[in-house]
Every structure is written in C-alpha cells, then in structure tokens.
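In what follows, a structure is listed as structure tokens, so that the remarks can point back to it.
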Amino acid sequence: MRILVTGGAGFIGSHLVDRLMENEKNEVIVADNYFTGSKDNLKKWIGHPRFELIRHDVTEPLLIEVDQIYHLACPASPIFYKYNPVKTIKTNVIGTLNMLGLAKRVGARILLTSTSEVYGDPLVHPQPESYWGNVNPIGSCYDEGKRVAETLMFDYHRQHGIEIRIARIFNTYGPRMNIDDGRVSKVQELKLEVSVMSLTWYISYNLCIFELLLPECDYDFYEMSQVDGLIRLMEGPNTGPINLGNPGEFTMIELAETVKELINPDVEIKMVENTPDDPRQRKPDITKAKELLGWEPKVKLRDGLPLMEENFRLRLGVDKKK
Ligand SMILES: NC(=O)c1ccc[n+]([C@@H]2O[C@H](COP(=O)([O-])OP(=O)(O)OC[C@H]3O[C@@H](n4cnc5c(N)ncnc54)[C@H](O)[C@@H]3O)[C@@H](O)[C@H]2O)c1
C-alpha cells in the first residue's frame, strides 16, 4: 500500500505516520509545507527506504501514484489559521480539490480530517454527526473552509464515485503539539509559569488525549488513540462523517484548576474575554464511532496532562520544580 499523508509533519500527522510505518507493507509519502509542522517530528523516518518527505504546498497540484490519501494539511490552531485567513481557505478549498483530483486520477481512497468546528457554536448538545451546525459564515476561515472541504468530498463521491472518508476530530492534545499552539491546554505554562485562560469561565471543552509512544513513559494508549480512529475509518466501509473525540466534559475553570494542581501550583488563573465566534459548549456524540469503528477514547484528562507535560519539558529543557 502506498499512502500519502498531507500535513504529515504536524502533530496528528506525524503520529499517524509512525503508526502507518509500523506495517512493513506500507510505503508512506508525506507532503507538507512546514507552516506549522516540522521535519523534527519525522526525523526517525528520514532516510528510511519506505518513507519519502516532500516539501509541497497542497494548494498546488501533486501528481503521484498512491492507493490511499490521508488529507490532514491545514493549520489547526486559531493562532496559525487566523494568521493568514485567505491562505487557510485556499488550503481547505484548493488543497482539498487538488487531493480529490489526485484521488480521482489514480483511484485512491481519501480521508479528510475535518473538525468539530463545523458545528460552530452548537445549539444542540451533545453534537451528533446529523447536526448541521451553527456557524457564522463571516466568522471563521477555518470553520467554513472545513465545511466546504466536506462538501467537496461528498460531491466528488456522488459525482465521480471517489471512495471518501470524513473524520470530525474534536480537540486533541498530546506530545508533539506545537509549543506555541495556544489552545486551552496552554502548554505555555511551562514557559511562562503563568496560566491565562483565553476562554470565558462558562465554556466547556473536551480534549482527547493523543497517542503516547514516548520511550520515556510507560503508557501506551495506542489502541484507542485518535490515530487508531483515523485508520479504522480509512480501512472500514463507512464514509462518515464520524465524530472522533472525548465526550468527557469540563469547564474551562475546571481545566485551569487541574493544570494548576497537576502541573504547577503557582500558576495564576486569569479570566479574559472569549474570542468572537468561539463555541460556548462542545461535546461529541460518539455513538457512531463506537458502533461503526469500535473506537472510543480511554484516557482521562488527569492521566493525559502529566504525560503531555513530560514531553513538553523534554522539548523545552525545563525541569519540574521540586
Ligand atoms: N489538533 C486538533 O485538536 C484538531 C481538531 C480538529 C481537527 N484537526 C485537523 O487535523 C489535522 C491535523 O491537525 P494538527 O493538530 O496535526 O495540526 P498541525 O498544525 O500540527 O498540522 C498541520 C500540518 O499541515 C501542514 N500544512 C498546513 N498548510 C499546508 C499546506 N497549504 N500545504 C501543505 N501542508 C500544509 C502544516 O505544516 C502541518 O504540518 C488538520 O486538518 C486539522 O484541521 C485537528
């Protein structure tokens, strides 16, 4: 199987590559423009005979013979996707069109990593896949970009018979997350020793721990990681969309208190206004993932945070205070 992973140098993509490379029958090709990803995430595969890394921007066409395409290329953190919103739209629209064109040309199956952001600020709670969402059309290049990408996927499927898969990923945290990611898990505490919650207190959030395959830690949540969900979806018969996320719900203040307790008791919790058009509440209905993929997340926040902390300390060279 020759597999293309767009955005494979990023947080989720590089974990996916690790998992795909474990199968000796797979050849893996990563196409990435390194906007938010890094070669460092893939350094153990560079030079491997079954691995190729291409500096490529998905807004340009790519001609390559592959059997499967995992299409992840797109910045996921607001700091980065708002940096150049027009480029974010281009990545989602032109990038997805290019990858669908490639899938059509070579007869490949294609999986899109969509997002819970397609539900916008939801009026239905929790959110099943059948919910159409509540998105401000002039609010976010990311939300609408992903919604168009999903539409394109289904139009290519209906019009050209392309085999598609769509995963709607809810917030995921874990090792290799960009150090400047800036989302709620706020790894910045490690750098600044201060916690600024960027969302108002009433918001609830769901975080799904990412696969942890660090040699330094004893944990291996491999089977139930997001990556596992993506591979199960790609290999199975269902097109999706399918929610992949953690239905465990907590408020921002609860998250802040947990970070304070587990990571740094000296952090200061500061309330600031929510950013416009951010959801006030989010919780995935994962009935479909359980029934159709046999997938559900298993790692609780209290177990996941310290493991992520360990990875960040390692990368930042910051020791834990005794
Ligand atoms: N992390 C989450 O919580 C989350 C939640 C929902 C959806 N997703 C989706 O999962 C996917 C991966 O997210 P992530 O958290 O790994 O983000 P990431 O920013 O770490 O990875 C994205 C990768 O895509 C690359 N990229 C961006 N624009 C590109 C372009 N035009 N051409 C080629 N490469 C490009 C980046 O350099 C990076 O390596 C994204 O599609 C994202 O929308 C992530």
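Please note that chains go A, B, ... in the order of the structure tokens, that every chain numbers its residues from 1, and that ligands are numbered from 1 in the order shown.
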Just asking: which residues within segment 36-143 of chain A are helix (DSSP H, G or I) according to DSSP, as a VMD selection string? chain A and resid 39 to 42 78 to 81 85 to 106 116 to 119 141 to 143
Give as a tab-separated table (two decimals) with N, CA and C atoms, in the first residue's frame the residues surrounding ligand 1 up to a distance of 7 Å, considering only C-alpha atoms and all ligand atoms.
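Output below, filename pocket_6.tsv:
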```tsv
chain	number	residue	atom	x	y	z
A	6	THR	N	-0.91	14.13	3.71
A	6	THR	CA	-0.65	15.57	3.61
A	6	THR	C	-0.70	16.14	5.03
A	7	GLY	N	0.18	17.07	5.33
A	7	GLY	CA	0.25	17.59	6.70
A	7	GLY	C	0.89	16.58	7.65
A	8	GLY	N	1.66	15.66	7.11
A	8	GLY	CA	2.24	14.58	7.92
A	8	GLY	C	3.38	15.02	8.83
A	9	ALA	N	3.86	16.27	8.68
A	9	ALA	CA	4.91	16.75	9.57
A	9	ALA	C	4.33	17.44	10.80
A	10	GLY	N	2.98	17.48	10.88
A	10	GLY	CA	2.34	18.15	12.01
A	10	GLY	C	2.12	17.21	13.19
A	11	PHE	N	1.37	17.69	14.15
A	11	PHE	CA	1.12	16.99	15.41
A	11	PHE	C	0.42	15.64	15.16
A	12	ILE	N	-0.79	15.65	14.64
A	12	ILE	CA	-1.51	14.40	14.43
A	12	ILE	C	-0.88	13.60	13.30
A	13	GLY	N	-0.51	14.30	12.21
A	13	GLY	CA	0.03	13.63	11.02
A	13	GLY	C	1.26	12.79	11.33
A	31	ALA	N	3.55	14.92	2.32
A	31	ALA	CA	3.64	16.20	1.62
A	31	ALA	C	3.26	17.30	2.61
A	32	ASP	N	4.18	18.21	2.84
A	32	ASP	CA	3.95	19.24	3.87
A	32	ASP	C	4.72	20.51	3.49
A	33	ASN	N	4.12	21.66	3.80
A	33	ASN	CA	4.84	22.92	3.52
A	33	ASN	C	5.53	23.47	4.78
A	34	TYR	N	5.46	22.74	5.90
A	34	TYR	CA	6.10	23.09	7.19
A	34	TYR	C	5.60	24.41	7.78
A	35	PHE	N	4.37	24.79	7.44
A	35	PHE	CA	3.85	26.02	8.02
A	35	PHE	C	3.75	25.89	9.54
A	36	THR	N	3.10	24.82	9.99
A	36	THR	CA	3.05	24.58	11.44
A	36	THR	C	3.74	23.27	11.83
A	37	GLY	N	4.07	22.46	10.85
A	37	GLY	CA	4.73	21.19	11.13
A	37	GLY	C	6.25	21.32	11.09
A	38	SER	N	6.91	20.21	11.39
A	38	SER	CA	8.37	20.27	11.45
A	38	SER	C	8.97	18.92	11.06
A	56	HIS	N	5.89	20.37	-0.06
A	56	HIS	CA	4.86	20.65	-1.06
A	56	HIS	C	3.70	21.38	-0.40
A	57	ASP	N	3.18	22.38	-1.10
A	57	ASP	CA	2.00	23.09	-0.63
A	57	ASP	C	0.79	22.51	-1.36
A	58	VAL	N	-0.22	22.04	-0.61
A	58	VAL	CA	-1.35	21.36	-1.25
A	58	VAL	C	-2.20	22.28	-2.12
A	59	THR	N	-1.97	23.59	-2.03
A	59	THR	CA	-2.71	24.47	-2.94
A	59	THR	C	-2.18	24.36	-4.37
A	72	LEU	N	-4.59	15.77	5.74
A	72	LEU	CA	-4.60	16.50	7.02
A	72	LEU	C	-4.13	17.94	6.87
A	73	ALA	N	-3.49	18.26	5.75
A	73	ALA	CA	-2.82	19.56	5.64
A	73	ALA	C	-3.77	20.71	5.92
A	74	CYS	N	-3.52	21.41	6.99
A	74	CYS	CA	-4.27	22.60	7.38
A	74	CYS	C	-3.85	22.96	8.80
A	75	PRO	N	-3.53	24.22	9.07
A	75	PRO	CA	-3.21	24.57	10.46
A	75	PRO	C	-4.46	24.38	11.31
A	76	ALA	N	-4.29	23.86	12.55
A	76	ALA	CA	-5.45	23.55	13.39
A	76	ALA	C	-5.64	24.54	14.53
A	77	SER	N	-4.61	25.30	14.86
A	77	SER	CA	-4.73	26.21	15.98
A	77	SER	C	-5.12	27.61	15.48
A	91	THR	N	-6.09	26.62	1.44
A	91	THR	CA	-5.62	25.28	1.82
A	91	THR	C	-6.79	24.31	1.89
A	95	GLY	N	-6.69	23.11	-1.77
A	95	GLY	CA	-5.92	21.94	-1.33
A	95	GLY	C	-6.76	20.67	-1.40
A	113	THR	N	-9.45	14.99	7.40
A	113	THR	CA	-9.61	15.28	8.83
A	113	THR	C	-10.37	16.59	8.94
A	114	SER	N	-11.68	16.46	9.12
A	114	SER	CA	-12.50	17.64	9.37
A	114	SER	C	-12.47	17.93	10.88
A	115	THR	N	-13.39	18.70	11.33
A	115	THR	CA	-13.29	19.23	12.70
A	115	THR	C	-14.65	19.42	13.35
A	116	SER	N	-14.64	19.44	14.66
A	116	SER	CA	-15.86	19.77	15.41
A	116	SER	C	-16.30	21.21	15.15
A	168	ARG	N	-14.53	13.81	11.88
A	168	ARG	CA	-14.66	15.13	12.54
A	168	ARG	C	-13.96	15.02	13.89
A	169	ILE	N	-12.75	15.60	13.91
A	169	ILE	CA	-11.92	15.50	15.10
A	169	ILE	C	-12.27	16.61	16.09
A	170	PHE	N	-12.43	16.23	17.35
A	170	PHE	CA	-12.62	17.23	18.42
A	170	PHE	C	-11.25	17.52	19.03
A	171	ASN	N	-11.17	18.54	19.86
A	171	ASN	CA	-9.86	18.99	20.34
A	171	ASN	C	-9.00	17.87	20.90
A	172	THR	N	-7.80	17.82	20.40
A	172	THR	CA	-6.87	16.77	20.76
A	172	THR	C	-5.59	17.41	21.30
A	173	TYR	N	-5.05	16.82	22.34
A	173	TYR	CA	-3.79	17.34	22.89
A	173	TYR	C	-2.82	16.18	23.07
A	177	MET	N	2.50	18.35	20.09
A	177	MET	CA	1.66	19.51	19.80
A	177	MET	C	2.60	20.70	19.68
A	178	ASN	N	2.30	21.61	18.78
A	178	ASN	CA	3.15	22.77	18.60
A	178	ASN	C	3.28	23.51	19.94
```
Could you name the residues that touch Ile46 of chain A at 12 Å or less, counting only C-alpha atoms, but leaving out those on the same chain fewer than 3 positions away, as a PyMOL selection string? chain A and resi 9+17-18+21+28-30+39-43+49-54
For the structure I just gave you, how does DSSP split segment 48-178 of chain A - specifically, which residues are strand (DSSP E or B)? Reply as a ChimeraX atom specification. /A:51-55,68-71,109-115,120,127,134,164-169,172-173
Extract, using only C-alpha atoms, all DNA, RNA and protein residues at most 6 Å from Ile166 of chain A, discarding same-chain residues fewer than 5 positions from it, and format them as a list in words.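 After dropping sequence-adjacent residues, the list is Leu111, Leu112, Gly240 and Pro241 of chain A.
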Contacts of Tyr119 of chain A within 10 Å, only C-alpha atoms, excl. fewer than 6 positions in-chain, as an NGL selection string: :A and (127-129 or 131-135 or 143 or 147 or 168 or 279 or 282)
Please produce a file of the residues just selected, as a PDB file, in the first residue's frame, where the atoms kept are C-alpha atoms.
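To be explicit, this is the file written out as result_9.pdb:
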```pdb
ATOM      1  CA  GLN A 127     -23.396  17.090  18.824  1.00  0.00           C
ATOM      2  CA  PRO A 128     -24.280  14.077  16.670  1.00  0.00           C
ATOM      3  CA  GLU A 129     -22.994  13.949  13.076  1.00  0.00           C
ATOM      4  CA  TYR A 131     -26.453  18.140  13.385  1.00  0.00           C
ATOM      5  CA  TRP A 132     -25.878  20.765  10.671  1.00  0.00           C
ATOM      6  CA  GLY A 133     -24.219  23.271  12.939  1.00  0.00           C
ATOM      7  CA  ASN A 134     -24.495  26.943  13.816  1.00  0.00           C
ATOM      8  CA  VAL A 135     -21.621  28.704  12.067  1.00  0.00           C
ATOM      9  CA  ASP A 143     -14.902  26.529  10.113  1.00  0.00           C
ATOM     10  CA  ARG A 147     -17.362  22.787   5.727  1.00  0.00           C
ATOM     11  CA  ARG A 168     -14.659  15.127  12.541  1.00  0.00           C
ATOM     12  CA  PRO A 279     -18.219  27.927  20.804  1.00  0.00           C
ATOM     13  CA  ARG A 282     -18.849  21.380  22.889  1.00  0.00           C
TER      14      ARG A 282
END
```
Quote the spacing between atom CA of Asn264 of chain A and atom CA of Lys300 of chain A in Å to one decimal place. 18.6 Å
May I ask which of the residues A:Leu293, A:Val5, A:Leu316, A:Leu244 is the closest one to Arg19 of chain A, counting only C-alpha atoms? A:Val5
